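Only one structure is covered here, and it is reproduced in the block below.
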Protein chains: 2
Amino acid sequence: MKRILLLGAGLSASSLIKYLLDHAQDNNWEVVIGDLNLEMAKKKVNGSPNGSAVLFDINNEDLRHIEIEKADVVISMLPAKMHPIVAQDCVNFGTHMITASYVSPEMIKLDAAAKEKGIALYNELGVDPGIDHMSAMKIIDDIRKKGGKLVSFKSNTGGLVAPESDNNPWHYKFTWNPRNVVLAGQGVSQFIRNGMLKFIPYNQLFKRVQNTSVLNYGDFEIYANRDSLSYRETYELQDIPTIFRGTMRRPGYCEAWDVFVQLGATDDTYTIKKCNQLTYRDFINSFLKYETEIPVEKKLCDYLGLDPNGEVMKKLIWLGIFENKQIEFEEATPAQILQKILEDKWSLDPNDKDMIVMQHKIEYELEGKLREITSSMVVIGQDTVHTAMSITVGIPVAIATKLLLTGVFDFAGVHVPTKPFMYEPILKELEDYNIKFIEEERIIG
Amino acid sequence: MKRILLLGAGLSASSLIKYLLDHAQDNNWEVVIGDLNLEMAKKKVNGSPNGSAVLFDINNEDLRHIEIEKADVVISMLPAKMHPIVAQDCVNFGTHMITASYVSPEMIKLDAAAKEKGIALYNELGVDPGIDHMSAMKIIDDIRKKGGKLVSFKSNTGGLVAPESDNNPWHYKFTWNPRNVVLAGQGVSQFIRNGMLKFIPYNQLFKRVQNTSVLNYGDFEIYANRDSLSYRETYELQDIPTIFRGTMRRPGYCEAWDVFVQLGATDDTYTIKKCNQLTYRDFINSFLKYETEIPVEKKLCDYLGLDPNGEVMKKLIWLGIFENKQIEFEEATPAQILQKILEDKWSLDPNDKDMIVMQHKIEYELEGKLREITSSMVVIGQDTVHTAMSITVGIPVAIATKLLLTGVFDFAGVHVPTKPFMYEPILKELEDYNIKFIEEERIIG
């Protein structure tokens, strides 16, 4: 019997746990769910004969060592900063490890030791990073195989609300960590287009959007993701003249979100003291000029050049930012206050479904023609537990775990799924879960 | 004989050194100038019989201990982050210490030990912080003494080029650390007006300027300084409804500077690799949209809504940012590249003079009337060695040193000059150096 230790039983692990328990009997697995919240872990096991729950506290070294030593593989769905601690234990005890997170410098340092012990440290096996790598590399490798020359790579992903649950003027709800949504894009976004480096600072990011449509799911807008340049190395596209990665939202979202950026309401670097003495309206007013005679709405419109009857103001009013509702925190950053305001309105309802959209647009030259491949994936969640996010993050992790425990994956050390021996079997099985890409190709020059 | 050890013989110490050497004979002082650059230290001593130079390397513990132990007082003009090391030594060896820098948390921690040893750790004795505190507290204390109630405190300072040397369209030259000028205002600026907290993010800071005029020196514009709120405690104005601190520039500066802010050209958080393959023009273009058919100048005007023939574009063109001149760095942050471009144009010429402008506007109620005091100081530099900056930073430090060594200042521990027993004798002697405030008062309500 193989023992799988899954760490972190939160929302993102739901579909992963279901896959593991569903396949436990056939594969002779013992699935141990470890979480700081033992009740939640027990609930996720749901009485399955092959499952059990344990209290897991990353800071309790003794318990941590006992559990990691007993396991054949650890799947860490913990916050990414905790992975290095787990990874070091895995190397010490000869236990494999799998994550859905970006490889960190600390993880890379463990590569040699992991290889020596013959253990796997597999990362970036979720959706983004994960499915994005696998599906993109499959197209890239196919183009190379037939002698094509890659000239442009663009890849966009969005976690959104499904069309059937889309009932607010933002066409957006929180389907993932709200904090990351509020802070998204801070710093600089960089990419390269036709050989020219481009840098977009945060204050321009949501103004410089592009548009696309995906299958029959309608229109989306795209803003640039932080560092597209680093993907030249990840995908071995060092000399490609154009590389761009973006985040997808429904049209109109970015223009309205930019209001918060321009105001400074997404700032997470300082706290406002005694903010429970302020209302939502005071909060917005604190970013506007001192003018007691003019209503906050009008001041905002004048300040940022908004149409008082336009779509942006409709979105803002709908959020309740002008209401005289008390802020609940005693001391908080603007970003924390804004997050709270948004959570009141952007949470999924019990019957809501979410949606993951991913689209690659890849241009290449072959036989004197410029061709464009558009490869699109849309996954709709089943419900608020088995969300599209939970499915697309969890299933590839689960498949990789199975392939590792069954000996199909027999390579040790730190890996991400950018090579055919890794992405091919995973992409193949993902299709059984309706996680698949529709490819269109056309000649564009 | 009293031994003064001055650490850091850079530009900002010129007038301080001159004062110490000029007063050494009369006061029976031995003035030792320590610097990493021994030649520069020797040059500053300039053969004075009471002066000598030593090599001083903060990282050479043995030498550091020897020199600090021998001294009666250490004046540290080193970078502020080095002060705690020197301060700890001063406490250990029972040597007094004086700086022109903000009191750091590490410094405050040494207060009790300093008091026990009976040594002084005096800080914030330059111009800003320093003269600003002293002159403001004198007005505040005077108002309190006559029973007035403070309702508004605004204080603005600028380091600028003197009118007689003002010969460029920005009406600005570097008279102090250029890096600080390029990075000025990053983060949030916060203040309070009529009891309402106001937060201005960096991307709006240079758009939200105020105007003032100072004596017969003409007009200035003001942008908010980072944290005005903390001055409520420094000046014991906890309940004042309005407190604001700002930085002064000549009119038109902020609108043009905002172009760099909006572009992202002042970002110091990431580096551009191989930037010696780029020209100044490419650098500006990297922040603009990809459009090969449209000249960079026109793209910039379209992007930020600038008049192609307006004053802002005149300033930018004058700086040379559109020239095909190679960037000299191999790898640098945008802020570093911009600083280099500016240094080519904004350096003081050999005959140039600089200027320090400071203005407080303080409102108070007395006998049913609302009154406003405007207190203004302008200091023009003598030359490029004894700059206004060097004079206004160095002379108060020097005076405090004299008052300490002559026993007028006999209080131990960490102090800043916000109390009459400290600011009164310093302000009095500053007048001998023509560092004085012109006060105007009027009834405004």
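Chain lettering (A, B, ...) mirrors the order of the structure tokens, residue numbering begins at 1 for each chain separately, and ligand numbering begins at 1 in order of display.
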Near A:Leu319, within 8 Å and counting only C-alpha atoms, which residues show up once chain neighbours fewer than 2 positions away are dropped, as a list in words?
-> Lys315, Leu316, Ile317, Ile321, Ile341, Leu342 and Lys345 of chain A
ask   = stretch 53-56 of chain A: which residues within 6 Å, counting only C-alpha atoms, same-chain residues fewer than 6 positions away excluded, as a list in words?
value =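 Contacts, in chain order: Val32, Ile33, Gly34, Asp35, Leu36, Leu38, Ala41 and Lys42 of chain A.
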Residues from the last selection, N, CA and C atoms, saved as a JSON list (two decimals), in the first residue's frame:
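Okay, selection-v7.json is ready:
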[["chain", "number", "residue", "atom", "x", "y", "z"],
["A", 32, "VAL", "N", -3.98, 10.29, 3.28],
["A", 32, "VAL", "CA", -4.03, 10.98, 4.57],
["A", 32, "VAL", "C", -4.13, 12.48, 4.30],
["A", 33, "ILE", "N", -5.20, 13.08, 4.84],
["A", 33, "ILE", "CA", -5.41, 14.52, 4.64],
["A", 33, "ILE", "C", -4.97, 15.26, 5.89],
["A", 34, "GLY", "N", -3.94, 16.10, 5.75],
["A", 34, "GLY", "CA", -3.45, 16.85, 6.90],
["A", 34, "GLY", "C", -3.80, 18.32, 6.79],
["A", 35, "ASP", "N", -4.35, 18.85, 7.87],
["A", 35, "ASP", "CA", -4.70, 20.29, 7.86],
["A", 35, "ASP", "C", -4.65, 20.81, 9.29],
["A", 36, "LEU", "N", -4.45, 22.09, 9.42],
["A", 36, "LEU", "CA", -4.48, 22.77, 10.71],
["A", 36, "LEU", "C", -5.89, 22.65, 11.28],
["A", 38, "LEU", "N", -8.57, 20.21, 11.72],
["A", 38, "LEU", "CA", -8.80, 18.76, 11.64],
["A", 38, "LEU", "C", -10.22, 18.44, 11.21],
["A", 41, "ALA", "N", -10.51, 18.65, 7.52],
["A", 41, "ALA", "CA", -9.84, 17.50, 6.90],
["A", 41, "ALA", "C", -10.73, 16.25, 6.99],
["A", 42, "LYS", "N", -11.35, 16.07, 8.17],
["A", 42, "LYS", "CA", -12.25, 14.90, 8.35],
["A", 42, "LYS", "C", -13.42, 14.98, 7.38]]
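Near B:Ala100, within 6 Å and counting only C-alpha atoms, sit Asn123, Glu124, Leu125 and Gly126 of chain B; same-chain residues fewer than 4 positions away were not included.
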Of A:Thr333, A:Thr234, A:Ala80, A:Glu440, the one sitting nearest A:Asp267 when using only C-alpha atoms is A:Thr333
Counting only C-alpha atoms, which residues of chain A come no farther than 6 Å from chain B, as a PyMOL selection string? chain A and resi 197-199+201+264+286-287
Could you dump the residues just selected with all heavy atoms as a PDB file, in the first residue's frame?
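Written file, part_16.pdb:
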ATOM      1  N   LEU A 197      11.339  45.660 -26.134  1.00  0.00           N
ATOM      2  CA  LEU A 197      10.933  45.481 -24.741  1.00  0.00           C
ATOM      3  C   LEU A 197       9.839  46.491 -24.401  1.00  0.00           C
ATOM      4  O   LEU A 197       9.917  47.652 -24.801  1.00  0.00           O
ATOM      5  CB  LEU A 197      12.117  45.738 -23.810  1.00  0.00           C
ATOM      6  CG  LEU A 197      13.204  44.672 -23.784  1.00  0.00           C
ATOM      7  CD1 LEU A 197      14.384  45.170 -22.951  1.00  0.00           C
ATOM      8  CD2 LEU A 197      12.666  43.369 -23.200  1.00  0.00           C
ATOM      9  N   LYS A 198       8.848  46.046 -23.662  1.00  0.00           N
ATOM     10  CA  LYS A 198       7.779  46.940 -23.234  1.00  0.00           C
ATOM     11  C   LYS A 198       7.551  46.789 -21.732  1.00  0.00           C
ATOM     12  O   LYS A 198       7.478  45.658 -21.221  1.00  0.00           O
ATOM     13  CB  LYS A 198       6.483  46.607 -23.988  1.00  0.00           C
ATOM     14  CG  LYS A 198       6.538  46.925 -25.489  1.00  0.00           C
ATOM     15  CD  LYS A 198       6.569  48.424 -25.738  1.00  0.00           C
ATOM     16  CE  LYS A 198       6.988  48.766 -27.157  1.00  0.00           C
ATOM     17  NZ  LYS A 198       7.232  50.196 -27.356  1.00  0.00           N
ATOM     18  N   PHE A 199       7.468  47.930 -21.054  1.00  0.00           N
ATOM     19  CA  PHE A 199       7.234  47.944 -19.612  1.00  0.00           C
ATOM     20  C   PHE A 199       5.966  48.742 -19.327  1.00  0.00           C
ATOM     21  O   PHE A 199       5.846  49.885 -19.762  1.00  0.00           O
ATOM     22  CB  PHE A 199       8.410  48.606 -18.888  1.00  0.00           C
ATOM     23  CG  PHE A 199       9.726  47.966 -19.208  1.00  0.00           C
ATOM     24  CD1 PHE A 199      10.594  48.529 -20.129  1.00  0.00           C
ATOM     25  CD2 PHE A 199      10.086  46.764 -18.616  1.00  0.00           C
ATOM     26  CE1 PHE A 199      11.806  47.933 -20.443  1.00  0.00           C
ATOM     27  CE2 PHE A 199      11.296  46.153 -18.918  1.00  0.00           C
ATOM     28  CZ  PHE A 199      12.156  46.742 -19.842  1.00  0.00           C
ATOM     29  N   PRO A 201       3.815  50.227 -16.203  1.00  0.00           N
ATOM     30  CA  PRO A 201       3.711  50.387 -14.752  1.00  0.00           C
ATOM     31  C   PRO A 201       2.259  50.161 -14.314  1.00  0.00           C
ATOM     32  O   PRO A 201       1.336  50.248 -15.124  1.00  0.00           O
ATOM     33  CB  PRO A 201       4.140  51.830 -14.512  1.00  0.00           C
ATOM     34  CG  PRO A 201       3.752  52.546 -15.749  1.00  0.00           C
ATOM     35  CD  PRO A 201       3.907  51.547 -16.880  1.00  0.00           C
ATOM     36  N   GLY A 264      -5.573  54.921  -5.423  1.00  0.00           N
ATOM     37  CA  GLY A 264      -4.646  54.414  -4.424  1.00  0.00           C
ATOM     38  C   GLY A 264      -5.337  53.454  -3.454  1.00  0.00           C
ATOM     39  O   GLY A 264      -4.775  53.109  -2.409  1.00  0.00           O
ATOM     40  N   SER A 286     -11.276  59.915   1.187  1.00  0.00           N
ATOM     41  CA  SER A 286      -9.923  60.165   1.699  1.00  0.00           C
ATOM     42  C   SER A 286      -8.887  60.226   0.567  1.00  0.00           C
ATOM     43  O   SER A 286      -7.797  60.747   0.753  1.00  0.00           O
ATOM     44  CB  SER A 286      -9.522  59.103   2.724  1.00  0.00           C
ATOM     45  OG  SER A 286      -9.250  57.874   2.097  1.00  0.00           O
ATOM     46  N   PHE A 287      -9.255  59.706  -0.610  1.00  0.00           N
ATOM     47  CA  PHE A 287      -8.335  59.753  -1.757  1.00  0.00           C
ATOM     48  C   PHE A 287      -8.631  60.942  -2.670  1.00  0.00           C
ATOM     49  O   PHE A 287      -7.932  61.149  -3.659  1.00  0.00           O
ATOM     50  CB  PHE A 287      -8.426  58.457  -2.568  1.00  0.00           C
ATOM     51  CG  PHE A 287      -8.105  57.234  -1.767  1.00  0.00           C
ATOM     52  CD1 PHE A 287      -9.088  56.318  -1.437  1.00  0.00           C
ATOM     53  CD2 PHE A 287      -6.813  57.009  -1.314  1.00  0.00           C
ATOM     54  CE1 PHE A 287      -8.792  55.191  -0.683  1.00  0.00           C
ATOM     55  CE2 PHE A 287      -6.512  55.893  -0.558  1.00  0.00           C
ATOM     56  CZ  PHE A 287      -7.501  54.982  -0.246  1.00  0.00           C
TER      57      PHE A 287
END
Please determine, counting only C-alpha atoms, which residue among B:Val416, B:Leu11, B:Val296, B:Ile443 has the shortest atom-to-atom distance to B:Ser104.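 When distances to B:Ser104 are compared using only C-alpha atoms, the smallest one comes from B:Val416.
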(Q) Residues of stretch 222-425 of chain B classed as strand (DSSP E or B) by DSSP on the backbone are to be reported as a PyMOL selection string. (A) chain B and resi 222-224+227+242-249+272-273+279+326+331-332+354-366+369-380+413-415
Counting only C-alpha atoms, what is within 10 Å of stretch 162-165 of chain B, bar same-chain residues fewer than 6 positions away, as a PDB file with N, CA, C and O atoms, in the first residue's frame?
ATOM      1  N   HIS B 171      13.699  75.046 -14.339  1.00  0.00           N
ATOM      2  CA  HIS B 171      13.999  75.887 -13.176  1.00  0.00           C
ATOM      3  C   HIS B 171      14.420  75.010 -11.991  1.00  0.00           C
ATOM      4  O   HIS B 171      14.055  75.238 -10.848  1.00  0.00           O
ATOM      5  N   TYR B 172      15.205  73.976 -12.317  1.00  0.00           N
ATOM      6  CA  TYR B 172      15.642  73.028 -11.307  1.00  0.00           C
ATOM      7  C   TYR B 172      17.020  72.491 -11.675  1.00  0.00           C
ATOM      8  O   TYR B 172      17.305  72.269 -12.850  1.00  0.00           O
ATOM      9  N   LYS B 173      17.875  72.306 -10.686  1.00  0.00           N
ATOM     10  CA  LYS B 173      19.123  71.559 -10.857  1.00  0.00           C
ATOM     11  C   LYS B 173      19.328  70.703  -9.615  1.00  0.00           C
ATOM     12  O   LYS B 173      18.760  70.982  -8.569  1.00  0.00           O
ATOM     13  N   TYR B 217      10.929  86.198  -3.794  1.00  0.00           N
ATOM     14  CA  TYR B 217      11.570  85.154  -4.591  1.00  0.00           C
ATOM     15  C   TYR B 217      10.617  84.508  -5.604  1.00  0.00           C
ATOM     16  O   TYR B 217      10.960  83.530  -6.247  1.00  0.00           O
ATOM     17  N   GLY B 218       9.424  85.040  -5.701  1.00  0.00           N
ATOM     18  CA  GLY B 218       8.526  84.566  -6.751  1.00  0.00           C
ATOM     19  C   GLY B 218       7.671  83.385  -6.336  1.00  0.00           C
ATOM     20  O   GLY B 218       7.489  83.103  -5.146  1.00  0.00           O
ATOM     21  N   LEU B 348      24.959  71.329 -11.355  1.00  0.00           N
ATOM     22  CA  LEU B 348      25.329  72.726 -11.141  1.00  0.00           C
ATOM     23  C   LEU B 348      26.588  73.038 -11.948  1.00  0.00           C
ATOM     24  O   LEU B 348      27.530  72.251 -11.963  1.00  0.00           O
ATOM     25  N   ASP B 349      26.596  74.166 -12.627  1.00  0.00           N
ATOM     26  CA  ASP B 349      27.807  74.631 -13.292  1.00  0.00           C
ATOM     27  C   ASP B 349      28.750  75.205 -12.234  1.00  0.00           C
ATOM     28  O   ASP B 349      28.310  75.549 -11.126  1.00  0.00           O
ATOM     29  N   ASN B 351      29.953  77.979 -11.579  1.00  0.00           N
ATOM     30  CA  ASN B 351      29.613  79.266 -10.960  1.00  0.00           C
ATOM     31  C   ASN B 351      28.186  79.330 -10.422  1.00  0.00           C
ATOM     32  O   ASN B 351      27.725  80.389 -10.002  1.00  0.00           O
ATOM     33  N   ASP B 352      27.522  78.200 -10.482  1.00  0.00           N
ATOM     34  CA  ASP B 352      26.115  78.189 -10.044  1.00  0.00           C
ATOM     35  C   ASP B 352      25.992  78.275  -8.522  1.00  0.00           C
ATOM     36  O   ASP B 352      26.864  77.817  -7.781  1.00  0.00           O
ATOM     37  N   LYS B 353      24.863  78.817  -8.105  1.00  0.00           N
ATOM     38  CA  LYS B 353      24.521  78.840  -6.683  1.00  0.00           C
ATOM     39  C   LYS B 353      23.190  78.121  -6.480  1.00  0.00           C
ATOM     40  O   LYS B 353      22.319  78.170  -7.352  1.00  0.00           O
ATOM     41  N   ASP B 354      23.064  77.510  -5.316  1.00  0.00           N
ATOM     42  CA  ASP B 354      21.788  76.855  -5.000  1.00  0.00           C
ATOM     43  C   ASP B 354      21.012  77.698  -3.991  1.00  0.00           C
ATOM     44  O   ASP B 354      21.454  78.787  -3.589  1.00  0.00           O
ATOM     45  N   MET B 355      19.871  77.198  -3.623  1.00  0.00           N
ATOM     46  CA  MET B 355      18.975  77.967  -2.751  1.00  0.00           C
ATOM     47  C   MET B 355      18.137  77.000  -1.912  1.00  0.00           C
ATOM     48  O   MET B 355      17.675  75.986  -2.426  1.00  0.00           O
ATOM     49  N   ILE B 356      17.991  77.326  -0.653  1.00  0.00           N
ATOM     50  CA  ILE B 356      17.054  76.590   0.201  1.00  0.00           C
ATOM     51  C   ILE B 356      15.903  77.529   0.538  1.00  0.00           C
ATOM     52  O   ILE B 356      16.133  78.654   0.994  1.00  0.00           O
ATOM     53  N   VAL B 357      14.706  77.068   0.302  1.00  0.00           N
ATOM     54  CA  VAL B 357      13.515  77.850   0.623  1.00  0.00           C
ATOM     55  C   VAL B 357      12.706  77.062   1.643  1.00  0.00           C
ATOM     56  O   VAL B 357      12.501  75.853   1.483  1.00  0.00           O
ATOM     57  N   VAL B 378      14.913  82.089   3.162  1.00  0.00           N
ATOM     58  CA  VAL B 378      15.597  81.772   1.909  1.00  0.00           C
ATOM     59  C   VAL B 378      17.087  81.913   2.156  1.00  0.00           C
ATOM     60  O   VAL B 378      17.542  82.922   2.686  1.00  0.00           O
ATOM     61  N   VAL B 379      17.829  80.882   1.825  1.00  0.00           N
ATOM     62  CA  VAL B 379      19.291  80.936   1.938  1.00  0.00           C
ATOM     63  C   VAL B 379      19.870  80.651   0.556  1.00  0.00           C
ATOM     64  O   VAL B 379      19.496  79.663  -0.080  1.00  0.00           O
ATOM     65  N   ILE B 380      20.728  81.529   0.091  1.00  0.00           N
ATOM     66  CA  ILE B 380      21.390  81.339  -1.198  1.00  0.00           C
ATOM     67  C   ILE B 380      22.815  80.855  -0.932  1.00  0.00           C
ATOM     68  O   ILE B 380      23.502  81.385  -0.043  1.00  0.00           O
ATOM     69  N   GLY B 381      23.260  79.856  -1.666  1.00  0.00           N
ATOM     70  CA  GLY B 381      24.613  79.337  -1.473  1.00  0.00           C
ATOM     71  C   GLY B 381      25.674  80.344  -1.877  1.00  0.00           C
ATOM     72  O   GLY B 381      25.417  81.267  -2.650  1.00  0.00           O
ATOM     73  N   ALA B 388      23.977  76.398  -0.270  1.00  0.00           N
ATOM     74  CA  ALA B 388      22.929  76.666   0.726  1.00  0.00           C
ATOM     75  C   ALA B 388      22.621  75.389   1.501  1.00  0.00           C
ATOM     76  O   ALA B 388      22.354  75.424   2.708  1.00  0.00           O
TER      77      ALA B 388
END
Pairwise distance, atom CA of B:Gln326 with atom CA of B:Asn168, equals 23.3 Å
